[in-house]
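Since the structure comes first, as structure tokens, the remarks are kept for the end.
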Amino acid sequence: MYRILLLGPQGSGKGTQGEFMAKELGIPLISMGDLWRAEIEAKTEWGKVFEQAYKAGKLAPDEPTSELARRRTSQSDAQKGCIFDGYPRNLRQKDLSEQFIEFTQVIVLRLSDAEAVHRLSGRRMCEVCGRNYHTAINPPKVAGVCNADGAPLVVRSDDTPEVIKKRLAIYHADTEPLADYYRKKGIL
């Protein structure tokens, strides 16, 4: 059974590579960003808290994030394995995650900060289906319009250069130390 954690800075391709892996392995990709965006859209109490953190480029609070992850891993499709993108993001979340999941592999994707800013500041997302595009790397057929459903493409509030730089600083300070922990466990 595969229980894989993808680590890497924002824009490193965790979601893209996770989708390829999930399809190949027949297990779900669990994106904490997607789970949180669903909470925001549903206007839950957690969603309101997260929306404030999200817009400021900060991490969501550890306990609700871990509870969302625990709930998702308890669903039937995740019982045969899963791939996590965006959780855990710090040592506290790692401690909480170990109460409900034991990762079998951890993969770190590396990317320079300059390239992360370039990739994310050009990212556009479909408001309806969530499909991602990039103005230079993967543009839609018609500028500003989703290829799949014709809906408008938007810039996520956390994809401005200022917010991206804040998120990268948090990644370097809080998430990078996880690699050492998993290396010592022999699963990196």
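Letters A, B, ... mark the chains of the structure tokens in the order given; residue numbers begin at 1 per chain; ligand numbers begin at 1, in order shown.
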Exercise for the section: Tell me, as a ChimeraX atom specification, which residues lie within 10 Å of Ser112 in chain A, counting only C-alpha atoms; anything in the same chain fewer than 4 positions away does not count. Expected result: /A:9,11-12,116-118,168
Find the residues of range 137-178 of chain A that sit at most 6 Å from range 54-69 of chain A; for each, write down the nearest two atoms and how far apart they are in Å, to one decimal. Count only C-alpha atoms. Sort by chain, then by number going up, and give it as CSV.
residue,atom,partner,partner_atom,distance
A:Ser157,CA,A:Lys55,CA,5.8
A:Asp158,CA,A:Lys55,CA,5.8
A:Val163,CA,A:Gly57,CA,5.1
A:Arg167,CA,A:Gly57,CA,5.4
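Using only C-alpha atoms, the shortest contact distance between Phe84 in chain A and any of A:Val108, A:Ala22, A:Val155, A:Ile30 is found at A:Ile30.
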Practice task
Name all residues at most 10 Å from Tyr171 in chain A (count only C-alpha atoms; drop same-chain ones fewer than 3 positions away) and give them as a PyMOL selection string.
Solution key: chain A and resi 7-10+59+89-90+165-168+174-177
Export of the given selection (N, CA, C and O atoms) as a compact mmCIF listing (two decimals), in the first residue's frame:
# COMPACT_ATOMS: atom_id res chain seq x y z
N LEU A 7 6.51 16.70 -1.00
CA LEU A 7 6.98 17.95 -0.43
C LEU A 7 7.64 18.77 -1.52
O LEU A 7 8.24 18.22 -2.43
N GLY A 8 7.55 20.06 -1.40
CA GLY A 8 8.20 20.97 -2.34
C GLY A 8 7.57 22.33 -2.23
O GLY A 8 6.44 22.46 -1.75
N PRO A 9 8.29 23.35 -2.65
CA PRO A 9 7.73 24.70 -2.57
C PRO A 9 6.53 24.85 -3.50
O PRO A 9 6.34 24.05 -4.43
N GLN A 10 5.77 25.89 -3.26
CA GLN A 10 4.64 26.20 -4.11
C GLN A 10 5.14 26.35 -5.54
O GLN A 10 6.18 26.95 -5.78
N LEU A 59 -0.15 29.85 6.58
CA LEU A 59 -0.66 28.49 6.69
C LEU A 59 -1.96 28.48 7.49
O LEU A 59 -2.15 29.30 8.39
N ARG A 89 2.67 20.30 6.68
CA ARG A 89 3.52 21.42 6.24
C ARG A 89 4.46 21.92 7.32
O ARG A 89 5.22 22.84 7.09
N ASN A 90 4.38 21.36 8.50
CA ASN A 90 5.29 21.76 9.57
C ASN A 90 5.41 20.61 10.57
O ASN A 90 4.71 19.59 10.44
N LYS A 165 6.03 35.20 -2.22
CA LYS A 165 7.28 35.33 -1.47
C LYS A 165 7.07 35.04 0.01
O LYS A 165 7.91 34.39 0.65
N LYS A 166 5.95 35.47 0.58
CA LYS A 166 5.63 35.14 1.98
C LYS A 166 5.46 33.63 2.14
O LYS A 166 5.96 33.03 3.10
N ARG A 167 4.74 33.02 1.21
CA ARG A 167 4.51 31.57 1.28
C ARG A 167 5.82 30.80 1.16
O ARG A 167 6.02 29.78 1.84
N LEU A 168 6.73 31.26 0.31
CA LEU A 168 8.02 30.60 0.16
C LEU A 168 8.85 30.71 1.43
O LEU A 168 9.51 29.75 1.83
N ASP A 174 9.33 26.34 7.76
CA ASP A 174 8.49 25.35 8.43
C ASP A 174 8.42 23.98 7.77
O ASP A 174 8.31 22.97 8.45
N THR A 175 8.45 23.95 6.43
CA THR A 175 8.23 22.68 5.73
C THR A 175 9.54 21.97 5.40
O THR A 175 9.62 20.73 5.53
N GLU A 176 10.56 22.69 4.99
CA GLU A 176 11.82 22.05 4.63
C GLU A 176 12.38 21.15 5.73
O GLU A 176 12.92 20.09 5.43
N PRO A 177 12.25 21.51 7.03
CA PRO A 177 12.76 20.61 8.08
C PRO A 177 12.13 19.22 8.08
O PRO A 177 12.72 18.27 8.60
Contact table range 38-102 of chain A vs range 179-185 of chain A, cut-off 12 Å, shortest pair per residue, only C-alpha atoms, as a tab-separated table:
residue	atom	partner	partner_atom	distance
A:Pro88	CA	A:Ala179	CA	11.1
A:Arg89	CA	A:Ala179	CA	10.6
A:Asn90	CA	A:Ala179	CA	10.3
A:Leu91	CA	A:Tyr181	CA	8.9
A:Lys94	CA	A:Tyr181	CA	9.5
A:Asp95	CA	A:Tyr181	CA	11.1
A:Glu102	CA	A:Tyr182	CA	11.1
Kindly export the residues of the current selection with C-alpha atoms, as an mmCIF file, in the first residue's frame.
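Saved the output as selection_36.cif:
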data_model
loop_
_atom_site.group_PDB
_atom_site.id
_atom_site.type_symbol
_atom_site.label_atom_id
_atom_site.label_comp_id
_atom_site.auth_asym_id
_atom_site.auth_seq_id
_atom_site.Cartn_x
_atom_site.Cartn_y
_atom_site.Cartn_z
ATOM 1 C CA PRO A 88 1.849 18.024 6.679
ATOM 2 C CA ARG A 89 3.523 21.416 6.236
ATOM 3 C CA ASN A 90 5.295 21.760 9.570
ATOM 4 C CA LEU A 91 6.554 19.666 12.486
ATOM 5 C CA LYS A 94 3.647 16.010 11.184
ATOM 6 C CA ASP A 95 3.072 15.041 14.826
ATOM 7 C CA GLU A 102 2.065 6.491 8.361
#
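For range 15-153 of chain A, backbone-based DSSP assignment of strand (DSSP E or B) covers Leu29, Ile30, Ser31, Gly81, Cys82, Ile83, Phe84, Asp85, Gln105, Val106, Ile107, Val108, Arg123, Arg124, Met125, Cys126, Asn132, Tyr133, His134, Asn138, Val142, Val145, Pro152 and Leu153 of chain A.
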Practice task
Might you pull out every residue within 10 Å of Gly130 in chain A, with only C-alpha atoms counted and same-chain residues fewer than 5 positions away left off, and present them as a count of residues only?
Solution key: 6
Handout entry: Residue among A:Leu178, A:Ala114, A:Val145, A:Ile27 lying closest to Gln93 in chain A, counting only C-alpha atoms
Key = A:Leu178
Exercise for the section: Take CA of Phe103 in chain A and CA of Gly186 in chain A and report the distance between them in Å, one decimal. Expected result: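 Pair CA of Phe103 in chain A / CA of Gly186 in chain A returns 10.9 Å.
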Practice task
Calculate how many Å separate CA of Gln105 in chain A from CA of Phe50 in chain A, rounding to one decimal.
Solution key: 28.1 Å
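Comparing A:Gly122, A:Gly47, A:Gly81, A:Gly86 by their smallest distance to Ile164 in chain A, the closest is A:Gly122 (using only C-alpha atoms).
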Practice task
Quote the spacing between CA of Leu96 in chain A and CA of Tyr2 in chain A in Å to one decimal place.
Solution key: 19.5 Å
